[in-house]
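Participant: Here it is: the structure, laid out below.
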Amino acid sequence: FAGSTAMDRLGRQRALALSAWPHMFAWCFTICSSAPLALQLARLLMGFAIGMSVAIVPSYIGEISTPSLRGPLGTAIQLSMNLGLLLVNIAGAYGPVVEEVEGESFSNWRRLSFFGVALSGGLAAMGWMPESPKWLAQKGHCHAAQLALRQLRAGDTTAEEAELFGASGGMKATMSVDSAASTAIAPAGGHSR
């Protein structure tokens with residue numbers, strides 16, 4: 001519920017960047033904690049953060065990608081999550097985080113948690129990505145939606161802009177709203193200020 005609320009109010013990109021903070025706090029809490037209750041609270045916070053991300057990422061990718069890439073990128077979400085789980089299990093069993101203590105091999109979960117902090121930092125960097133043009137258009141920010149679409153696409157975006165703004169009364173109507181908002185209103189005498 002937190003992910004959908006955040007992305008509807010803040011936008012997909014800002015909500016995704018915001019979801020990095022609970023991830024980061026949970027990983028830092030895991031590194032610093034040793035009491036079972038503290039570790040359980042860290043896992044609870046991590047579950048909250050993952051729940052946010054799982055709601056936001058597919059929406060953001062679906063709204064910024066072209067129709068031809070939408071399917072493969074949507075599949076890549078699930079594939080990357082499963083690949084991440086596999087890599088963490090391999091690193092925990094055989095990687096540089098394994099320690100020998102009294103003849104037994106143990107995974108140093110604190111060191112492994114540093115990777116989680118680093119990856120959370122990458123998620124926080126989403127703040128520099130463009131916002132979803134679809135979300136911007138739904139919120140009435142037509143000029144910002146056009147700019148975001150042009151950042152995300154190479155080449156002509158007129159067809160996509162027409163499709164994007166067609167659902168909200170046509171591109172011409174939305175463009176006139178943008179131009180009217182950016183133009184000074186002339187006083188009754190007909191002279192502009």
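A note on labels: chains of the structure tokens are A, B, ... as shown, every chain counts residues from 1, and ligands are counted from 1 in their shown order.
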Kindly assemble as a tab-separated table a list of the stretch 113-177 of chain A residues that lie within 12 Å of stretch 80-94 of chain A, each paired with its nearest atom pair and their distance in Å to one decimal, using only C-alpha atoms, sorted first by chain and then by ascending residue number.
Facilitator:
```
residue	atom	partner	partner_atom	distance
A:Ser113	CA	A:Val88	CA	10.0
A:Phe114	CA	A:Val88	CA	11.9
A:Phe115	CA	A:Val88	CA	9.4
A:Gly116	CA	A:Val88	CA	9.9
A:Leu119	CA	A:Gly84	CA	10.9
```
Participant: Could you tell me, as a PyMOL selection string, which residues of stretch 65-176 of chain A DSSP assigns to alpha helix (DSSP H) when given the backbone?
Facilitator: chain A and resi 67-94+109-124+133-138+142-152+158-166+171-176
Participant: Give me the residues near A:Ala144 as JSON, numbers by chain, where near means some atom within 9 Å (using only C-alpha atoms) and where sequence neighbours in that chain fewer than 4 positions away do not count.
Facilitator: {"A": [131, 133, 136, 137, 148, 149]}
Participant: Residues as selected, all heavy atoms, written as a compact mmCIF listing (two decimals), in the first residue's frame, can you do that?
Facilitator:
```txt
# COMPACT_ATOMS: atom_id res chain seq x y z
N GLU A 131 11.10 11.64 -14.73
CA GLU A 131 9.82 11.16 -14.21
C GLU A 131 9.05 10.49 -15.34
O GLU A 131 9.32 10.71 -16.52
CB GLU A 131 9.01 12.34 -13.64
CG GLU A 131 7.66 11.99 -13.07
CD GLU A 131 7.71 10.92 -11.98
OE1 GLU A 131 8.05 11.25 -10.84
OE2 GLU A 131 7.41 9.75 -12.29
N PRO A 133 6.53 10.14 -18.05
CA PRO A 133 5.71 11.10 -18.81
C PRO A 133 4.22 10.86 -18.62
O PRO A 133 3.43 11.80 -18.57
CB PRO A 133 6.12 10.86 -20.26
CG PRO A 133 7.46 10.22 -20.19
CD PRO A 133 7.48 9.43 -18.91
N LEU A 136 3.16 12.41 -15.32
CA LEU A 136 3.16 13.87 -15.45
C LEU A 136 1.94 14.36 -16.23
O LEU A 136 1.30 15.34 -15.86
CB LEU A 136 4.46 14.34 -16.12
CG LEU A 136 5.72 14.22 -15.27
CD1 LEU A 136 6.96 14.41 -16.14
CD2 LEU A 136 5.70 15.24 -14.14
N ALA A 137 1.61 13.65 -17.31
CA ALA A 137 0.45 14.04 -18.13
C ALA A 137 -0.84 13.87 -17.33
O ALA A 137 -1.74 14.72 -17.41
CB ALA A 137 0.40 13.22 -19.40
N ALA A 148 10.20 15.10 -20.38
CA ALA A 148 10.60 13.77 -19.89
C ALA A 148 10.59 12.75 -21.02
O ALA A 148 11.52 11.94 -21.14
CB ALA A 148 9.67 13.32 -18.77
N LEU A 149 9.58 12.81 -21.87
CA LEU A 149 9.49 11.88 -23.00
C LEU A 149 10.66 12.09 -23.95
O LEU A 149 11.26 11.13 -24.44
CB LEU A 149 8.16 12.06 -23.73
CG LEU A 149 7.84 11.05 -24.81
CD1 LEU A 149 7.77 9.65 -24.23
CD2 LEU A 149 6.52 11.40 -25.48
```
Participant: Mind pulling up the distance from atom CA of A:Pro22 to atom CA of A:Thr5?
Facilitator: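 Distance reported for this atom pair: 15.7 Å.
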Participant: What does the distance from atom CA of A:Gly121 to atom CA of A:Ala26 come to in Å, to one decimal?
Facilitator: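 Atom-to-atom, atom CA of A:Gly121 to atom CA of A:Ala26, that is 12.6 Å.
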Participant: Work out how far apart atom CA of A:Phe48 and atom CA of A:Ala20 are and give it in Å to one decimal.
Facilitator: 11.0 Å
Participant: From a DSSP pass on the backbone, collect the residues of chain A flagged as strand (DSSP E) and hand them back as a PyMOL selection string.
Facilitator: chain A and resi 98-101+104-107
Participant: Suppose we keep N, CA and C atoms; can you now write the selection as a compact mmCIF listing (two decimals), in the first residue's frame?
Facilitator:
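After the write, again.txt holds the following:
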```
# COMPACT_ATOMS: atom_id res chain seq x y z
N VAL A 98 33.02 -15.36 3.32
CA VAL A 98 33.08 -16.60 4.09
C VAL A 98 34.31 -16.58 4.99
N GLU A 99 34.10 -16.95 6.26
CA GLU A 99 35.19 -16.98 7.23
C GLU A 99 35.33 -18.39 7.79
N GLU A 100 36.52 -18.72 8.16
CA GLU A 100 36.78 -19.99 8.84
C GLU A 100 36.90 -19.70 10.33
N VAL A 101 36.07 -20.33 11.14
CA VAL A 101 36.12 -20.18 12.58
C VAL A 101 36.12 -21.57 13.19
N GLU A 104 35.20 -24.41 10.94
CA GLU A 104 33.89 -24.33 10.29
C GLU A 104 33.83 -23.10 9.39
N SER A 105 33.13 -23.21 8.27
CA SER A 105 32.94 -22.07 7.37
C SER A 105 31.63 -21.36 7.70
N PHE A 106 31.71 -20.05 7.82
CA PHE A 106 30.54 -19.24 8.12
C PHE A 106 30.49 -18.05 7.16
N SER A 107 29.28 -17.66 6.81
CA SER A 107 29.10 -16.46 6.01
C SER A 107 29.05 -15.27 6.97
```
Participant: Under the rule that only C-alpha atoms are counted, which of A:Leu147, A:Met46, A:Leu79, A:Ala38 is the nearest residue to A:Phe25?
Facilitator: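 Ranking A:Leu147, A:Met46, A:Leu79, A:Ala38 by distance to A:Phe25, first place goes to A:Met46.
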